[in-house]
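**Student:** See target21.txt below, with compact mmCIF, C-alpha atoms.
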# COMPACT_ATOMS: atom_id res chain seq x y z
CA ARG A 1 17.62 -28.86 34.58
CA ALA A 2 14.05 -29.80 33.64
CA ALA A 3 12.92 -26.33 34.72
CA SER A 4 15.43 -24.64 32.39
CA GLN A 5 14.29 -26.87 29.48
CA SER A 6 10.68 -25.94 30.20
CA ALA A 7 11.62 -22.27 30.27
CA ARG A 8 13.33 -22.57 26.86
CA VAL A 9 10.31 -24.34 25.36
CA LEU A 10 8.01 -21.67 26.80
CA GLN A 11 10.21 -18.89 25.39
CA SER A 12 10.12 -20.50 21.95
CA LEU A 13 6.32 -20.46 22.06
CA ILE A 14 6.05 -16.78 22.95
CA TYR A 15 6.11 -14.42 19.98
CA ILE A 16 7.28 -10.90 20.64
CA PRO A 17 7.07 -8.72 17.54
CA THR A 18 10.00 -6.49 16.80
CA LEU A 19 9.47 -2.91 15.75
CA GLY A 20 10.92 -1.96 12.39
CA GLY A 21 10.06 1.71 12.40
CA ALA A 22 6.83 3.64 12.03
CA ASP A 23 6.79 3.34 8.23
CA ARG A 24 6.99 -0.42 8.31
CA ALA A 25 4.34 -0.68 11.02
CA SER A 26 2.06 1.71 9.13
CA LYS A 27 2.45 -0.26 5.88
CA GLU A 28 1.80 -3.53 7.70
CA ASN A 29 -1.32 -2.05 9.33
CA ARG A 30 -2.65 -0.87 5.95
CA MET A 31 -1.98 -4.28 4.43
CA ALA A 32 -3.69 -5.98 7.36
CA ASP A 33 -6.70 -3.66 6.99
CA GLN A 34 -6.93 -4.46 3.27
CA GLN A 35 -6.67 -8.19 3.93
CA GLU A 36 -9.35 -7.92 6.62
CA ALA A 37 -11.65 -6.05 4.24
CA GLN A 38 -11.12 -8.78 1.65
CA ARG A 39 -11.92 -11.49 4.17
CA LEU A 40 -15.10 -9.73 5.25
CA GLY A 41 -16.43 -9.20 1.73
CA GLY A 42 -15.17 -5.63 1.44
CA LEU A 43 -13.94 -4.13 -1.80
CA GLY A 44 -10.20 -4.44 -2.27
CA PRO A 45 -7.81 -1.72 -3.47
CA VAL A 46 -7.65 -0.44 -7.04
CA HIS A 47 -5.19 -2.30 -9.27
CA GLU A 48 -3.95 -1.42 -12.73
CA GLY A 49 -5.45 -3.51 -15.50
CA ASN A 50 -3.64 -6.75 -16.21
CA PRO A 51 -4.23 -9.94 -18.24
CA GLU A 52 -6.41 -11.39 -15.46
CA ALA A 53 -8.79 -8.41 -15.43
CA GLN A 54 -8.77 -8.23 -19.23
CA GLY A 55 -9.69 -11.91 -19.42
CA VAL A 56 -12.63 -11.45 -17.06
CA ALA A 57 -13.87 -8.40 -19.02
CA ASP A 58 -13.49 -10.26 -22.33
CA LYS A 59 -15.66 -13.12 -21.05
CA VAL A 60 -18.66 -10.79 -20.67
CA ARG A 61 -18.06 -8.48 -23.63
CA GLY A 62 -20.60 -10.23 -25.87
CA VAL A 63 -23.33 -10.05 -23.22
CA LEU A 64 -22.56 -6.37 -22.61
CA GLU A 65 -22.74 -5.59 -26.32
CA GLU A 66 -26.09 -7.40 -26.56
CA GLN A 67 -27.54 -5.58 -23.56
CA THR A 68 -26.32 -2.13 -24.62
CA LYS A 69 -26.96 -2.77 -28.33
CA LYS A 70 -23.49 -1.35 -29.04
CA ARG A 71 -20.36 -2.79 -30.60
CA PHE A 72 -17.13 -1.64 -29.01
CA GLY A 73 -14.07 -1.28 -31.25
CA GLN A 74 -11.88 -0.89 -28.20
CA PHE A 75 -12.27 -2.89 -24.96
CA LYS A 76 -9.34 -2.38 -22.59
CA ALA A 77 -9.44 -3.09 -18.85
CA LEU A 78 -7.62 -0.13 -17.26
CA GLN A 79 -8.31 -0.69 -13.55
CA TYR A 80 -10.04 -3.22 -11.37
CA ARG A 81 -11.02 -4.01 -7.81
CA THR A 82 -12.18 -7.29 -6.34
CA GLN A 83 -14.62 -8.36 -3.67
CA VAL A 84 -14.34 -11.86 -2.27
CA VAL A 85 -17.77 -13.47 -1.95
CA ASN A 86 -18.76 -17.04 -2.81
CA GLY A 87 -16.48 -16.51 -5.80
CA VAL A 88 -15.18 -13.06 -6.75
CA ASN A 89 -16.90 -9.86 -7.85
CA TYR A 90 -14.73 -7.86 -10.23
CA PHE A 91 -15.35 -4.13 -10.67
CA ILE A 92 -13.53 -3.18 -13.86
CA LYS A 93 -13.02 0.18 -15.59
CA VAL A 94 -12.99 -0.51 -19.34
CA GLN A 95 -12.02 1.95 -22.05
CA VAL A 96 -14.37 1.50 -25.03
CA ALA A 97 -13.40 4.58 -27.09
CA GLU A 98 -10.87 7.41 -26.89
CA ASN A 99 -12.81 9.30 -24.19
CA GLU A 100 -15.48 6.74 -23.28
CA PHE A 101 -15.39 4.37 -20.34
CA ILE A 102 -17.68 1.78 -18.78
CA HIS A 103 -17.61 0.27 -15.31
CA LEU A 104 -18.39 -3.44 -15.20
CA ARG A 105 -19.45 -5.64 -12.33
CA VAL A 106 -18.61 -9.25 -13.14
CA TYR A 107 -19.24 -12.24 -10.90
CA GLN A 108 -16.66 -15.00 -11.30
CA LYS A 109 -17.92 -18.28 -9.89
CA MET A 110 -15.73 -20.82 -8.16
CA ASP A 111 -15.52 -22.78 -11.45
CA GLN A 112 -14.03 -19.63 -13.10
CA SER A 113 -17.11 -19.01 -15.29
CA CYS A 114 -18.21 -15.36 -15.38
CA GLU A 115 -21.49 -13.49 -15.57
CA LEU A 116 -22.14 -9.80 -16.09
CA SER A 117 -23.86 -8.57 -12.93
CA GLY A 118 -24.07 -4.91 -13.84
CA TYR A 119 -22.56 -2.03 -15.74
CA GLN A 120 -22.43 1.75 -15.71
CA LEU A 121 -22.21 3.68 -18.98
CA GLY A 122 -20.94 7.21 -19.55
CA LYS A 123 -17.98 7.05 -17.19
CA SER A 124 -14.82 9.15 -17.52
CA LEU A 125 -11.20 8.32 -16.89
CA GLU A 126 -11.36 10.37 -13.67
CA ASP A 127 -14.40 8.54 -12.24
CA THR A 128 -13.46 6.40 -9.26
CA LEU A 129 -14.09 2.69 -9.47
CA ASP A 130 -16.46 2.08 -6.56
CA TYR A 131 -18.94 -0.56 -5.50
CA PHE A 132 -22.27 -0.54 -7.31
CA GLY A 133 -25.22 -2.88 -7.15
CA MET A 134 -26.38 -5.43 -9.65
CA SER A 135 -28.39 -4.41 -12.71
CA LYS A 136 -31.66 -6.14 -13.41
Could the structure of this file be written out as structure tokens, please?
**Tutor:**
Amino acid sequence: RAASQSARVLQSLIYIPTLGGADRASKENRMADQQEAQRLGGLGPVHEGNPEAQGVADKVRGVLEEQTKKRFGQFKALQYRTQVVNGVNYFIKVQVAENEFIHLRVYQKMDQSCELSGYQLGKSLEDTLDYFGMSK
């Protein structure tokens, strides 16, 4: 009897994954790869702009306008990607005119304060939002 109880306890500790089809496994693998990239400081997938990304972009708008000596009538976060570091780096595609776009690199500290780390002018809607280094 004790042996059968031990066997049941041992069986409850063993995890045997069930297969839910190739599509499910493929999706789970992609998600796991993305999560691993995030954990290791890699750049996450592209997301559509949302209030979070817009808020981060808005926090550095004044600094950007000072540095570029331009005033932007429009300032809409269209896409963003994140990189987990000691805080979060946001890479944000911002529309600043009808056919004018800027890529921002914004560092959000653990206390949620933000600083503009870099920017790229003269971007188009078709330009991919990729990693770029900090501007001096």
**Student:** For a quick check of understanding, using only C-alpha atoms, which of A:Ile102, A:Phe91, A:Lys109, A:Thr128 has the smallest distance to Glu65 (chain A)?
**Tutor:**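 Closest candidate: A:Ile102.
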**Student:** Work out how far apart CA of Leu104 (chain A) and CA of Asp127 (chain A) are and give it in Å to one decimal.
**Tutor:**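 One can read the CA of Leu104 (chain A) to CA of Asp127 (chain A) distance as 13.0 Å.
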**Student:** Which is closer to Arg81 (chain A) than all the others in A:Met110, A:Ala53, A:Met134, A:Val96, using all atoms listed in the file?
**Tutor:**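 Using all atoms listed in the file, the shortest distance to Arg81 (chain A) belongs to A:Ala53.
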**Student:** Quick one: of A:Glu126, A:Asn86, A:Ser135, A:Ala77, who's nearest to Arg61 (chain A), counting all atoms listed in the file?
**Tutor:** A:Ala77
**Student:** What is the CA of Tyr131 (chain A)-CA of Asn99 (chain A) distance in Å, reported with one decimal?
**Tutor:** 22.0 Å
**Student:** Between A:Lys70, A:Lys76, A:Lys59, A:His47, which one has atoms that come closest to Leu121 (chain A), using only C-alpha atoms?
**Tutor:**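 Among the listed residues, the smallest separation from Leu121 (chain A) belongs to A:Lys70.
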**Student:** May I have the residues within 8 Å of Leu116 (chain A) as a PyMOL selection string, using all atoms listed in the file and disregarding those fewer than 5 positions away in the same chain?
**Tutor:** chain A and resi 60+63-64+104-107
**Student:** Just give me the gap between CA of Lys93 (chain A) and CA of Gln79 (chain A) in Å, one decimal is fine.
**Tutor:**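 Spanning CA of Lys93 (chain A) to CA of Gln79 (chain A) is a straight-line distance of 5.2 Å.
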**Student:** Determine, counting all atoms listed in the file, which protein, DNA and RNA residues have an atom within 10 Å of an atom of Gln54 (chain A); residues of the same chain fewer than 3 positions away are not included. Present the result as a PyMOL selection string.
**Tutor:** chain A and resi 49-51+57-59+75-80+92+94
**Student:** Closest to Gly122 (chain A) among A:Gln74, A:Gln95, A:Gln108, A:Asn89, using all atoms listed in the file?
**Tutor:** A:Gln95
